[in-house]
file model20.txt (compact mmCIF, C-alpha atoms)
# COMPACT_ATOMS: atom_id res chain seq x y z
CA MET A 24 0.00 0.00 0.00
CA ILE A 25 2.60 2.53 1.07
CA ASN A 26 4.82 1.37 -1.79
CA ILE A 27 2.07 2.07 -4.29
CA ILE A 28 1.50 5.55 -2.85
CA LEU A 29 5.21 6.36 -2.89
CA LEU A 30 5.64 5.03 -6.44
CA GLY A 31 2.58 7.03 -7.50
CA PHE A 32 4.12 10.19 -6.04
CA LEU A 33 7.37 9.36 -7.84
CA ALA A 34 5.53 9.15 -11.15
CA VAL A 35 3.74 12.45 -10.48
CA VAL A 36 7.02 14.18 -9.61
CA ALA A 37 8.75 12.72 -12.69
CA ILE A 38 5.97 13.95 -14.98
CA ALA A 39 6.02 17.37 -13.32
CA VAL A 40 9.79 17.58 -13.88
CA ALA A 41 9.32 16.70 -17.55
CA MET A 42 6.58 19.31 -18.02
CA MET A 43 8.18 22.23 -16.19
CA ARG A 44 10.49 24.87 -17.61
CA ASP A 45 11.47 26.59 -14.37
CA LEU A 46 14.81 24.99 -13.55
CA PHE A 47 14.76 26.09 -9.91
CA ALA A 48 11.46 24.28 -9.32
CA ILE A 49 12.82 21.25 -11.16
CA VAL A 50 15.84 21.09 -8.84
CA MET A 51 13.52 21.23 -5.82
CA LEU A 52 11.35 18.48 -7.33
CA PHE A 53 14.45 16.36 -7.85
CA GLY A 54 15.14 16.72 -4.15
CA ILE A 55 11.62 15.51 -3.40
CA TYR A 56 12.13 12.69 -5.89
CA SER A 57 15.22 11.53 -4.03
CA LEU A 58 13.45 11.77 -0.71
CA LEU A 59 10.57 9.63 -2.04
CA THR A 60 13.06 7.11 -3.38
CA ALA A 61 14.67 7.02 0.06
CA GLY A 62 11.22 6.35 1.53
CA ILE A 63 10.75 3.42 -0.86
CA PHE A 64 14.15 2.04 0.11
CA VAL A 65 13.22 2.27 3.78
CA SER A 66 10.00 0.39 3.18
CA LEU A 67 12.05 -2.26 1.33
CA ASP A 68 14.28 -2.50 4.44
CA ALA A 69 17.31 -1.14 2.58
CA VAL A 70 18.18 1.50 5.16
CA ASP A 71 21.79 1.95 4.05
CA VAL A 72 20.75 2.71 0.49
CA ALA A 73 17.98 4.97 1.75
CA PHE A 74 20.48 6.84 3.88
CA THR A 75 22.78 7.33 0.91
CA GLU A 76 19.91 8.45 -1.28
CA ALA A 77 18.69 10.95 1.30
CA ALA A 78 22.16 12.34 1.99
CA VAL A 79 23.48 12.38 -1.56
CA GLY A 80 20.38 12.71 -3.72
CA ALA A 81 18.22 14.98 -1.62
CA GLY A 82 21.03 16.75 0.19
CA ILE A 83 24.33 17.46 -1.47
CA SER A 84 23.39 17.06 -5.12
CA THR A 85 20.59 19.60 -4.67
CA ILE A 86 23.16 22.07 -3.30
CA LEU A 87 25.58 21.36 -6.13
CA ILE A 88 22.90 21.66 -8.83
CA LEU A 89 21.72 24.92 -7.24
CA SER A 90 25.25 26.30 -7.37
CA THR A 91 25.37 25.28 -11.02
CA LEU A 92 22.06 27.00 -11.56
CA ALA A 93 23.45 30.21 -10.10
CA LEU A 94 25.83 30.32 -13.07
CA THR A 95 23.25 29.86 -15.77
CA SER A 96 19.73 31.07 -16.50
CA ARG A 97 16.77 30.03 -14.43
CA GLU A 98 14.47 29.14 -17.30
CA GLU A 99 14.94 26.26 -19.63
CA LYS A 100 15.08 27.33 -23.28
CA GLN A 101 12.20 26.45 -25.52
CA PRO A 102 13.16 23.46 -27.64
CA THR A 103 13.64 24.31 -31.30
CA HIS A 104 12.85 20.87 -32.67
CA SER A 105 9.55 19.02 -32.55
CA PHE A 106 8.91 16.60 -29.73
CA LEU A 107 7.60 13.73 -31.91
CA LEU A 108 10.92 11.99 -32.58
CA PRO A 109 12.10 12.07 -28.92
CA LEU A 110 8.68 10.86 -27.82
CA LEU A 111 8.89 7.97 -30.29
CA VAL A 112 12.39 7.02 -29.09
CA VAL A 113 11.28 7.14 -25.46
CA LEU A 114 8.16 5.07 -26.13
CA VAL A 115 10.09 2.41 -28.05
CA THR A 116 12.81 2.23 -25.37
CA GLY A 117 10.22 2.10 -22.60
CA ALA A 118 8.26 -0.65 -24.36
CA THR A 119 11.47 -2.65 -24.83
CA LEU A 120 12.34 -2.28 -21.15
CA VAL A 121 8.85 -3.30 -20.05
CA TYR A 122 9.05 -6.28 -22.41
CA GLY A 123 12.41 -7.13 -20.86
CA THR A 124 10.94 -7.21 -17.35
CA LEU A 125 8.53 -9.97 -18.43
CA ASP A 126 11.44 -12.44 -18.40
CA MET A 127 12.60 -11.36 -14.97
CA PRO A 128 11.75 -13.47 -11.94
CA ALA A 129 8.82 -12.22 -9.88
CA PHE A 130 9.54 -9.62 -7.19
CA SER A 131 10.96 -11.22 -4.01
CA ASP A 132 10.91 -14.66 -5.60
CA PRO A 133 13.27 -16.78 -3.45
CA GLU A 134 14.17 -18.92 -6.48
CA ALA A 135 15.50 -15.92 -8.42
CA PRO A 136 19.13 -16.31 -9.57
CA VAL A 137 20.22 -13.26 -7.59
CA HIS A 138 19.17 -14.97 -4.36
CA GLN A 139 20.87 -18.25 -5.32
CA HIS A 140 24.37 -17.12 -6.20
CA VAL A 141 26.57 -15.51 -3.52
CA ALA A 142 23.82 -13.75 -1.57
CA PRO A 143 23.03 -16.71 0.76
CA HIS A 144 26.71 -17.03 1.60
CA TYR A 145 26.97 -13.33 2.44
CA LEU A 146 23.81 -13.36 4.50
CA ASN A 147 24.74 -16.47 6.47
CA GLN A 148 28.48 -16.12 6.83
CA ALA A 149 29.08 -12.34 6.93
CA GLU A 150 29.07 -12.04 10.70
CA GLN A 151 31.36 -15.04 11.28
CA GLU A 152 33.76 -14.12 8.47
CA THR A 153 34.06 -10.38 8.94
CA GLY A 154 32.79 -9.79 12.47
CA VAL A 155 30.63 -6.92 11.24
CA PRO A 156 26.95 -7.07 12.25
CA ASN A 157 25.83 -4.80 9.40
CA ILE A 158 25.86 -7.06 6.35
CA VAL A 159 25.69 -4.13 3.96
CA THR A 160 28.98 -2.80 5.31
CA ALA A 161 30.49 -6.28 5.20
CA VAL A 162 29.54 -6.69 1.54
CA LEU A 163 30.51 -3.15 0.58
CA ALA A 164 33.84 -2.91 2.34
CA SER A 165 35.03 -6.50 2.51
CA TYR A 166 33.49 -8.96 0.04
CA ARG A 167 33.01 -6.35 -2.68
CA SER A 168 35.81 -3.99 -1.82
CA TYR A 169 37.07 -3.99 -5.43
CA ASP A 170 33.75 -2.48 -6.54
CA THR A 171 33.87 0.08 -3.76
CA MET A 172 37.40 1.02 -4.74
CA GLY A 173 36.07 1.56 -8.25
CA GLU A 174 33.32 3.79 -6.87
CA VAL A 175 35.77 5.90 -4.90
CA THR A 176 37.90 6.21 -8.03
CA VAL A 177 34.82 7.35 -9.94
CA ILE A 178 34.10 10.05 -7.34
CA PHE A 179 37.74 11.15 -7.37
CA THR A 180 37.88 11.26 -11.18
CA ALA A 181 34.55 13.06 -11.44
CA GLY A 182 35.73 15.62 -8.88
CA ILE A 183 38.95 16.18 -10.82
CA ALA A 184 36.99 16.55 -14.06
CA VAL A 185 34.63 19.15 -12.56
CA LEU A 186 37.54 21.08 -11.07
CA LEU A 187 39.35 21.05 -14.42
CA LEU A 188 36.25 22.22 -16.27
CA LEU A 189 35.64 25.03 -13.80
CA SER A 190 39.28 26.05 -13.54
CA ALA A 191 39.01 28.04 -16.76
CA PHE A 192 36.37 30.33 -15.26
CA ARG A 193 37.59 30.77 -11.71
CA HIS A 194 38.35 34.12 -10.15
CA HIS A 195 40.06 34.61 -6.88
CA GLU A 196 38.89 38.16 -6.31
CA ASP A 197 37.15 38.76 -3.02
CA GLU A 198 34.14 40.72 -4.17
CA ALA A 199 32.94 37.84 -6.33
CA SER A 200 32.50 35.49 -3.40
CA ASN A 201 31.15 38.06 -0.97
CA LEU A 202 27.96 38.47 -2.96
CA ASN A 203 26.62 35.06 -2.15
CA ASP A 204 27.29 34.53 1.51
CA LEU A 205 24.79 35.10 4.26
CA SER A 206 27.15 36.55 6.83
CA HIS A 207 24.93 39.60 7.25
CA HIS A 208 22.26 37.28 8.59
CA PRO A 209 22.64 37.11 12.39
CA VAL A 210 19.91 34.55 13.18
CA LEU A 211 21.01 32.12 10.50
CA ARG A 212 24.61 32.53 11.49
CA TYR A 213 23.93 31.88 15.14
CA ILE A 214 21.82 28.77 14.53
CA ALA A 215 24.24 27.44 11.96
CA ARG A 216 27.16 27.89 14.34
CA LEU A 217 25.15 26.05 16.95
CA MET A 218 24.35 23.21 14.54
CA ILE A 219 27.65 22.69 12.73
CA PRO A 220 29.49 20.93 15.59
CA PHE A 221 26.60 18.49 15.91
CA ILE A 222 26.49 17.89 12.16
CA LEU A 223 30.18 17.07 12.17
CA LEU A 224 29.77 14.88 15.25
CA PHE A 225 26.90 13.06 13.54
CA ALA A 226 29.08 12.54 10.47
CA LEU A 227 31.78 10.97 12.63
CA TYR A 228 29.16 8.75 14.25
CA VAL A 229 27.89 7.65 10.83
CA GLN A 230 31.47 7.02 9.72
CA PHE A 231 32.54 4.87 12.62
CA HIS A 232 29.22 3.28 13.50
CA GLY A 233 28.77 1.98 9.94
CA ASP A 234 29.92 -1.47 11.07
CA TYR A 235 26.98 -1.77 13.43
CA GLY A 236 24.19 0.29 11.92
CA PRO A 237 23.32 1.98 8.66
CA GLY A 238 26.05 4.29 7.53
CA GLY A 239 29.59 4.27 6.26
CA GLY A 240 32.14 6.32 4.42
CA PHE A 241 29.93 7.62 1.63
CA GLN A 242 27.15 8.97 3.83
CA ALA A 243 29.56 10.27 6.44
CA GLY A 244 31.65 12.04 3.82
CA VAL A 245 28.59 13.76 2.40
CA ILE A 246 27.33 14.84 5.84
CA PHE A 247 30.78 16.10 6.80
CA ALA A 248 30.99 18.07 3.58
CA ALA A 249 27.46 19.42 4.15
CA GLY A 250 28.57 20.77 7.53
CA PHE A 251 31.45 22.68 5.94
CA ILE A 252 29.29 23.86 3.03
CA LEU A 253 26.82 25.26 5.57
CA TYR A 254 29.73 27.00 7.25
CA GLY A 255 30.83 28.38 3.90
CA LEU A 256 27.35 29.65 3.07
CA VAL A 257 26.69 31.26 6.42
CA VAL A 258 30.05 32.49 7.63
CA GLY A 259 31.63 33.16 4.27
CA ILE A 260 33.35 31.31 1.47
CA ASP A 261 36.61 33.11 2.25
CA LYS A 262 36.72 31.73 5.77
CA THR A 263 36.17 28.21 4.46
CA ARG A 264 38.85 28.82 1.88
CA GLN A 265 41.21 29.86 4.67
CA MET A 266 40.46 26.63 6.48
CA PHE A 267 40.91 24.41 3.43
CA SER A 268 43.45 25.71 0.99
CA GLU A 269 43.10 24.33 -2.51
CA SER A 270 46.22 22.23 -2.35
CA LYS A 271 45.19 20.79 1.00
CA LEU A 272 41.82 19.72 -0.43
CA HIS A 273 43.40 18.16 -3.49
CA TRP A 274 45.85 16.34 -1.29
CA LEU A 275 42.97 15.03 0.85
CA MET A 276 41.01 13.93 -2.23
CA ALA A 277 43.92 11.84 -3.40
CA SER A 278 44.92 10.60 0.04
CA GLY A 279 41.55 8.93 0.71
CA LEU A 280 41.83 6.91 -2.48
CA LEU A 281 45.51 6.23 -1.83
CA LEU A 282 44.65 5.00 1.67
CA TYR A 283 42.16 2.58 0.10
CA ILE A 284 44.65 1.31 -2.47
CA GLY A 285 47.39 1.28 0.19
CA VAL A 286 45.30 -1.08 2.32
CA GLY A 287 45.15 -3.39 -0.68
CA ILE A 288 48.88 -3.18 -1.32
CA VAL A 289 49.75 -3.79 2.32
CA SER A 290 47.53 -6.87 2.30
CA LEU A 291 49.42 -8.04 -0.82
CA LEU A 292 52.77 -7.47 0.90
CA LEU A 293 51.61 -9.39 3.96
CA GLY A 294 50.96 -12.38 1.76
CA GLY A 295 47.22 -12.22 1.18
CA GLU A 296 45.23 -11.32 -1.92
CA PHE A 297 44.65 -7.66 -2.83
CA LEU A 298 42.26 -6.21 -0.23
CA ASN A 299 42.10 -9.45 1.74
CA TYR A 300 42.06 -8.06 5.28
CA ASN A 301 42.48 -11.39 7.07
CA VAL A 302 46.25 -11.02 7.01
CA PHE A 303 46.34 -7.77 8.99
CA ALA A 304 46.24 -9.44 12.37
CA ALA A 305 46.74 -12.87 13.83
CA ASP A 306 43.00 -13.11 14.32
CA PRO A 307 41.29 -12.82 10.90
CA LEU A 308 38.28 -11.09 12.47
CA LYS A 309 40.50 -8.40 13.91
CA GLY A 310 42.21 -8.05 10.54
CA GLN A 311 38.84 -7.64 8.86
CA HIS A 312 37.92 -5.01 11.41
CA TRP A 313 41.06 -2.99 10.69
CA GLY A 314 40.67 -3.36 6.95
CA ILE A 315 37.04 -2.27 6.89
CA PHE A 316 37.80 0.63 9.24
CA LEU A 317 40.66 1.96 7.08
CA VAL A 318 38.85 1.45 3.80
CA GLU A 319 35.74 3.26 5.04
CA LEU A 320 37.96 6.05 6.34
CA GLY A 321 39.51 6.37 2.88
CA VAL A 322 36.05 6.54 1.29
CA GLY A 323 34.97 9.20 3.79
CA ILE A 324 38.04 11.38 3.26
CA THR A 325 37.80 11.30 -0.53
CA VAL A 326 34.06 12.00 -0.57
CA THR A 327 34.38 14.90 1.90
CA ALA A 328 37.28 16.54 0.12
CA THR A 329 35.72 16.11 -3.33
CA MET A 330 32.38 17.60 -2.26
CA ILE A 331 33.97 20.58 -0.50
CA SER A 332 36.36 21.37 -3.34
CA VAL A 333 33.63 21.08 -6.00
CA PHE A 334 31.41 23.40 -3.94
CA LEU A 335 34.22 25.91 -3.43
CA ALA A 336 35.10 25.77 -7.12
CA PHE A 337 31.51 26.54 -8.06
CA SER A 338 31.35 29.43 -5.63
CA GLU A 339 34.38 31.03 -7.26
CA VAL A 340 33.06 30.98 -10.78
CA ARG A 341 31.59 34.32 -11.63
CA ARG A 342 28.36 34.35 -13.54
CA SER A 343 29.15 34.85 -17.23
CA GLU A 344 26.88 37.66 -18.27
CA MET B 280 -3.75 0.01 31.97
CA TRP B 281 -0.69 2.22 31.60
CA ASP B 282 0.10 0.66 28.17
CA ILE B 283 -3.38 1.38 26.90
CA LEU B 284 -3.19 4.97 28.10
CA VAL B 285 0.18 5.47 26.43
CA SER B 286 -0.99 3.96 23.16
CA TYR B 287 -4.13 6.15 23.17
CA CYS B 288 -2.00 9.24 23.81
CA SER B 289 0.35 8.31 21.00
CA ASP B 290 -2.56 7.69 18.60
CA ALA B 291 -4.08 11.03 19.54
CA LEU B 292 -0.78 12.84 18.95
CA LEU B 293 -0.18 11.11 15.61
CA ILE B 294 -3.71 11.77 14.37
CA THR B 295 -3.65 15.42 15.48
CA GLY B 296 -0.27 15.87 13.83
CA SER B 297 -1.44 14.33 10.56
CA PHE B 298 -4.71 16.29 10.59
CA LEU B 299 -2.91 19.57 11.24
CA SER B 300 -0.38 18.92 8.52
CA LEU B 301 -3.26 18.25 6.13
CA THR B 302 -4.89 21.56 7.05
CA PHE B 303 -1.59 23.37 6.66
CA ALA B 304 -1.08 21.73 3.26
CA ILE B 305 -4.50 23.05 2.22
CA GLY B 306 -3.49 26.43 3.62
CA LEU B 307 -0.30 26.35 1.61
CA LEU B 308 -2.31 25.87 -1.55
CA ARG B 309 -5.13 28.30 -0.76
CA PHE B 310 -3.48 31.27 0.91
CA PRO B 311 -3.19 34.32 -1.32
CA ASP B 312 0.43 35.43 -1.05
CA PHE B 313 3.91 34.32 -0.20
CA TYR B 314 3.94 35.34 3.46
CA THR B 315 0.68 33.70 4.47
CA ARG B 316 1.80 30.53 2.71
CA MET B 317 5.12 30.78 4.46
CA HIS B 318 3.22 31.01 7.74
CA ALA B 319 1.30 27.80 6.96
CA ALA B 320 4.43 25.92 5.94
CA GLY B 321 6.54 27.17 8.84
CA VAL B 322 3.99 26.47 11.55
CA SER B 323 3.25 23.03 10.17
CA ASP B 324 6.94 22.19 10.03
CA THR B 325 7.41 22.97 13.67
CA LEU B 326 4.11 21.93 15.21
CA CYS B 327 3.13 18.87 13.17
CA ALA B 328 6.60 17.41 13.09
CA GLY B 329 6.75 17.91 16.85
CA LEU B 330 3.41 16.20 17.44
CA ILE B 331 4.22 13.27 15.16
CA VAL B 332 7.66 12.74 16.67
CA LEU B 333 6.21 12.88 20.19
CA GLY B 334 3.62 10.30 19.15
CA LEU B 335 6.39 8.07 17.84
CA VAL B 336 8.36 8.58 21.07
CA LEU B 337 5.40 7.23 23.04
CA GLN B 338 5.19 4.27 20.65
CA ALA B 339 8.88 3.48 20.99
CA GLY B 340 8.90 3.31 24.78
CA ILE B 341 12.05 4.06 26.72
CA SER B 342 14.98 2.99 24.55
CA LEU B 343 17.79 4.36 22.43
CA VAL B 344 15.23 5.02 19.68
CA THR B 345 13.42 7.44 22.00
CA LEU B 346 16.59 9.38 22.56
CA LYS B 347 17.26 9.55 18.82
CA LEU B 348 13.71 10.72 18.16
CA LEU B 349 14.08 13.41 20.82
CA PHE B 350 17.30 14.56 19.15
CA ILE B 351 15.44 14.76 15.83
CA LEU B 352 12.72 16.78 17.55
CA LEU B 353 15.26 19.18 19.03
CA PHE B 354 16.97 19.49 15.66
CA LEU B 355 13.65 20.25 13.93
CA TRP B 356 12.74 22.84 16.53
CA PHE B 357 16.00 24.61 15.90
CA THR B 358 16.14 24.35 12.14
CA SER B 359 12.63 24.72 10.79
CA PRO B 360 11.83 28.12 12.40
CA THR B 361 15.27 29.28 11.24
CA ALA B 362 14.57 28.08 7.72
CA SER B 363 11.16 29.78 7.67
CA PHE B 364 12.71 32.97 9.01
CA ALA B 365 15.47 32.90 6.41
CA LEU B 366 12.98 32.29 3.60
CA ALA B 367 10.68 35.09 4.71
CA ARG B 368 13.60 37.47 5.12
CA ALA B 369 15.00 36.55 1.72
CA ALA B 370 11.57 37.15 0.18
CA HIS B 371 11.35 40.54 1.91
CA ARG B 372 14.79 41.52 0.67
CA ALA B 373 13.89 40.37 -2.83
CA GLY B 374 10.98 42.81 -2.75
CA TYR B 375 7.99 40.54 -2.27
CA ARG B 376 5.16 42.45 -0.62
CA VAL B 377 1.84 41.42 0.88
CA SER B 378 -0.62 40.76 -1.94
CA GLU B 379 -3.19 43.25 -3.30
CA GLN B 380 -6.09 41.08 -2.19
CA GLU B 381 -4.98 41.31 1.42
CA GLU B 382 -4.71 45.09 1.27
CA VAL B 383 -8.16 45.38 -0.29
CA ALA B 384 -9.58 43.18 2.45
CA SER B 385 -7.97 45.22 5.19
CA SER B 386 -9.01 48.55 3.70
CA ASN B 387 -12.63 47.39 3.43
CA SER B 388 -12.84 46.35 7.03

call {"tool": "encode", "arguments": {"input": "model20.txt", "output": "C-alpha cells"}}
result
Amino acid sequence: MINIILLGFLAVVAIAVAMMRDLFAIVMLFGIYSLLTAGIFVSLDAVDVAFTEAAVGAGISTILILSTLALTSREEKQPTHSFLLPLLVVLVTGATLVYGTLDMPAFSDPEAPVHQHVAPHYLNQAEQETGVPNIVTAVLASYRSYDTMGEVTVIFTAGIAVLLLLSAFRHHEDEASNLNDLSHHPVLRYIARLMIPFILLFALYVQFHGDYGPGGGFQAGVIFAAGFILYGLVVGIDKTRQMFSESKLHWLMASGLLLYIGVGIVSLLLGGEFLNYNVFAADPLKGQHWGIFLVELGVGITVTATMISVFLAFSEVRRSE
Amino acid sequence: MWDILVSYCSDALLITGSFLSLTFAIGLLRFPDFYTRMHAAGVSDTLCAGLIVLGLVLQAGISLVTLKLLFILLFLWFTSPTASFALARAAHRAGYRVSEQEEVASSNS
C-alpha cells in the first residue's frame, strides 16, 4: 500500500519535472524525488541505500545543482525541434524495457538467480567471516571492496573533471564570493554555528558506527561536507577557503583513495590477496575489522574533500553575463 | 492500563499531527500570497513534526530510539523556524510584498 503511494508520487514528480520549464522548481522536485526514493528504500528494508539516497540525492546534489544553476539562467530554453521523434524514441525504449521485465523473476521470488548465487553465503556467513553485524557494510567494504574502490575512483575522477572544467572560469577576487554569503544574517549565522558541531559529530558517528548500523564512508563524507558547506554559506566562502586551501583539499582527495589502495597493497605485501584483510592481524576477524575501518575512512576522506572542493570551485566561478 | 493509556496518547498525537499537517497543506495551496503561505508551511513544520515525533516517542517506549527521536525533535525545533525565518527574510529583501487582495480586504474592514 505505502509502496504504491510512494511510487505514485514518484511518477507524479517525474511527470512534473518533464513538463516544467522553471529549472529552480525542477531542482527542488528532484530533491523531493530523491526523498521519495529514500522512503521506498526504507519500506524495502534497505536502510543503508535509503540513507545514501537521502544524503546524496536529496542533500548534497541539490546544493551542487543549485550552485550550477546560479551560473546559468533560471528558465529552460524552448526546444527548437519538434517533440515527436524524442517521444517515439522514449516510447520504443520504454516498451522494450517493459518487455524485458517480463522475463525477470517475480519480485521477491526466493528462487530468483540473484538470491541463489553468492547472496546466501553473504547473508549467512558475513558475521562469522568479517565480524561486522551490518551485512551491507560487510559486503561493501570487505566482500566487494574492489567495486567500492572503483566507486571511490569514480568520485575522485569526477571531482577532478569538474575542477578542471571550472578552472578556466575561476576568479580569486574577493568581491565575487562576498555576494553570495549570508554573513549579514545574524539569526542564521547563530543557529548554523550552533548546529555545525553536531552535524560534524553526527558525520563521525555515521562514519565509525557503519559497522553496526546503517552508515559508512559515503554517507559520512557527504554529511561532513554538508557541515562545511553550511559553514561556507553562512560564515563566508573566504573563511572556508582559509580553512581548506586548494592544495590541501586536493591532497585530501587523493589521500583517501591512496589509503584505500594502500590497504590493498599492504595486504598483498603481507601475503594475502589484494584487499584481503584477514592477514592484517593474527586473528582474521581483527584483521577484517582494521581493513574495513581503514577502507571506510579512505572513502569518507575522498568524498568529503571532493564535495567541498567542488562546492568551493563553483562558488568562485563568476556568472558569465 | 498504563500501556493502553500510552498507546491512546500516542494515537491522539499522531492523528492530530497528521490532521494539522493536512490543514496546513490546504493552507499552503489556498493562501493568497507568499507570506501567508510561508506562515502555513513554517507552523506546520514545527508543530506537526513535533506532534508526530512525540507520538512516535510514546510508541517506541524508553529505549535508544526514544533518545534519537528526541534529538530529531530538538533538531527540527532549531532548524525549521530558522529556515522559515530565512525564507521570509530573503523574500522581503527580494521585494515581495503582501498581496493586493490582502490590502483590499484590510481597507474594506

call {"tool": "interface_residues", "arguments": {"input": "model20.txt", "of": "chain A", "to": "chain B", "cutoff": "10 Å", "atoms": "only C-alpha atoms", "output": "list in words"}}
result
Leu205, His208, Val210, Leu211, Arg212, Tyr213, Ile214, Ala215, Leu217, Met218 and Phe221 of chain A

call {"tool": "closest_residue", "arguments": {"input": "model20.txt", "among": "B:Ser363, B:Leu330, B:Thr302, B:Tyr314", "to": "B:Leu349", "atoms": "only C-alpha atoms"}}
result
B:Leu330

call {"tool": "residues_around", "arguments": {"input": "model20.txt", "residues": "A:Leu281", "least_positions_apart": "6", "cutoff": "12 Å", "atoms": "only C-alpha atoms", "output": "ChimeraX atom specification"}}
result
/A:172,175-176,179,274-275,287-289,317-318,320-322,324-325

call {"tool": "write_last_selection", "arguments": {"input": "model20.txt", "atoms": "C-alpha atoms", "output": "compact mmCIF listing (two decimals), keeping the file's coordinate frame"}}
result
# COMPACT_ATOMS: atom_id res chain seq x y z
CA MET A 172 37.40 1.02 -4.74
CA VAL A 175 35.77 5.90 -4.90
CA THR A 176 37.90 6.21 -8.03
CA PHE A 179 37.74 11.15 -7.37
CA TRP A 274 45.85 16.34 -1.29
CA LEU A 275 42.97 15.03 0.85
CA GLY A 287 45.15 -3.39 -0.68
CA ILE A 288 48.88 -3.18 -1.32
CA VAL A 289 49.75 -3.79 2.32
CA LEU A 317 40.66 1.96 7.08
CA VAL A 318 38.85 1.45 3.80
CA LEU A 320 37.96 6.05 6.34
CA GLY A 321 39.51 6.37 2.88
CA VAL A 322 36.05 6.54 1.29
CA ILE A 324 38.04 11.38 3.26
CA THR A 325 37.80 11.30 -0.53

call {"tool": "closest_residue", "arguments": {"input": "model20.txt", "among": "A:Val245, A:Val50, A:Val79, A:Leu108", "to": "A:Leu92", "atoms": "only C-alpha atoms"}}
result
A:Val50

call {"tool": "closest_residue", "arguments": {"input": "model20.txt", "among": "B:Ala373, B:Leu335, B:Ala319, B:Leu284", "to": "B:Phe303", "atoms": "only C-alpha atoms"}}
result
B:Ala319

call {"tool": "residues_around", "arguments": {"input": "model20.txt", "residues": "A:Val286", "least_positions_apart": "5", "cutoff": "12 Å", "atoms": "all atoms listed in the file", "output": "PyMOL selection string"}}
result
chain A and resi 164-165+168-169+172+278-281+291-293+295-303+310-311+313-321

call {"tool": "closest_residue", "arguments": {"input": "model20.txt", "among": "A:Ala118, A:Met330, A:Leu256, A:Asn26", "to": "A:His273", "atoms": "all atoms listed in the file"}}
result
A:Met330

call {"tool": "residues_around", "arguments": {"input": "model20.txt", "residues": "A:Leu30", "least_positions_apart": "3", "cutoff": "12 Å", "atoms": "all atoms listed in the file", "output": "ChimeraX atom specification"}}
result
/A:24-27,33-37,56-64,66

call {"tool": "write_last_selection", "arguments": {"input": "model20.txt", "atoms": "C-alpha atoms", "output": "JSON list (two decimals), in the frame of the given file"}}
result
[["chain", "number", "residue", "atom", "x", "y", "z"],
["A", 24, "MET", "CA", 0.00, 0.00, 0.00],
["A", 25, "ILE", "CA", 2.60, 2.53, 1.07],
["A", 26, "ASN", "CA", 4.82, 1.37, -1.79],
["A", 27, "ILE", "CA", 2.07, 2.07, -4.29],
["A", 33, "LEU", "CA", 7.37, 9.36, -7.84],
["A", 34, "ALA", "CA", 5.53, 9.15, -11.15],
["A", 35, "VAL", "CA", 3.74, 12.45, -10.48],
["A", 36, "VAL", "CA", 7.02, 14.18, -9.61],
["A", 37, "ALA", "CA", 8.75, 12.72, -12.69],
["A", 56, "TYR", "CA", 12.13, 12.69, -5.89],
["A", 57, "SER", "CA", 15.22, 11.53, -4.03],
["A", 58, "LEU", "CA", 13.45, 11.77, -0.71],
["A", 59, "LEU", "CA", 10.57, 9.63, -2.04],
["A", 60, "THR", "CA", 13.06, 7.11, -3.38],
["A", 61, "ALA", "CA", 14.67, 7.02, 0.06],
["A", 62, "GLY", "CA", 11.22, 6.35, 1.53],
["A", 63, "ILE", "CA", 10.75, 3.42, -0.86],
["A", 64, "PHE", "CA", 14.15, 2.04, 0.11],
["A", 66, "SER", "CA", 10.00, 0.39, 3.18]]

call {"tool": "build_atoms", "arguments": {"input": "model20.txt", "residues": "stretch 293-301 of chain A", "atoms": "N, CA, C and O atoms", "output": "PDB file, in the frame of the given file"}}
result
ATOM      1  N   LEU A 293      51.665  -8.492   2.817  1.00  0.00           N
ATOM      2  CA  LEU A 293      51.610  -9.390   3.960  1.00  0.00           C
ATOM      3  C   LEU A 293      51.277 -10.815   3.535  1.00  0.00           C
ATOM      4  O   LEU A 293      51.128 -11.693   4.374  1.00  0.00           O
ATOM      5  N   GLY A 294      51.118 -11.013   2.238  1.00  0.00           N
ATOM      6  CA  GLY A 294      50.960 -12.380   1.760  1.00  0.00           C
ATOM      7  C   GLY A 294      49.537 -12.796   1.444  1.00  0.00           C
ATOM      8  O   GLY A 294      49.299 -13.957   1.125  1.00  0.00           O
ATOM      9  N   GLY A 295      48.592 -11.875   1.534  1.00  0.00           N
ATOM     10  CA  GLY A 295      47.220 -12.220   1.180  1.00  0.00           C
ATOM     11  C   GLY A 295      46.919 -11.769  -0.231  1.00  0.00           C
ATOM     12  O   GLY A 295      47.802 -11.326  -0.966  1.00  0.00           O
ATOM     13  N   GLU A 296      45.634 -11.887  -0.647  1.00  0.00           N
ATOM     14  CA  GLU A 296      45.230 -11.320  -1.920  1.00  0.00           C
ATOM     15  C   GLU A 296      45.029  -9.827  -1.745  1.00  0.00           C
ATOM     16  O   GLU A 296      44.954  -9.328  -0.620  1.00  0.00           O
ATOM     17  N   PHE A 297      44.907  -9.102  -2.879  1.00  0.00           N
ATOM     18  CA  PHE A 297      44.650  -7.660  -2.830  1.00  0.00           C
ATOM     19  C   PHE A 297      43.349  -7.411  -2.085  1.00  0.00           C
ATOM     20  O   PHE A 297      42.309  -7.989  -2.413  1.00  0.00           O
ATOM     21  N   LEU A 298      43.398  -6.572  -1.064  1.00  0.00           N
ATOM     22  CA  LEU A 298      42.260  -6.210  -0.230  1.00  0.00           C
ATOM     23  C   LEU A 298      41.691  -7.389   0.562  1.00  0.00           C
ATOM     24  O   LEU A 298      40.529  -7.401   0.926  1.00  0.00           O
ATOM     25  N   ASN A 299      42.524  -8.399   0.819  1.00  0.00           N
ATOM     26  CA  ASN A 299      42.100  -9.450   1.740  1.00  0.00           C
ATOM     27  C   ASN A 299      42.594  -9.058   3.129  1.00  0.00           C
ATOM     28  O   ASN A 299      43.787  -9.099   3.417  1.00  0.00           O
ATOM     29  N   TYR A 300      41.656  -8.666   4.010  1.00  0.00           N
ATOM     30  CA  TYR A 300      42.060  -8.060   5.280  1.00  0.00           C
ATOM     31  C   TYR A 300      42.467  -9.096   6.325  1.00  0.00           C
ATOM     32  O   TYR A 300      42.933  -8.728   7.391  1.00  0.00           O
ATOM     33  N   ASN A 301      42.231 -10.369   6.050  1.00  0.00           N
ATOM     34  CA  ASN A 301      42.480 -11.390   7.070  1.00  0.00           C
ATOM     35  C   ASN A 301      43.920 -11.392   7.551  1.00  0.00           C
ATOM     36  O   ASN A 301      44.198 -11.785   8.671  1.00  0.00           O
TER      37      ASN A 301
END
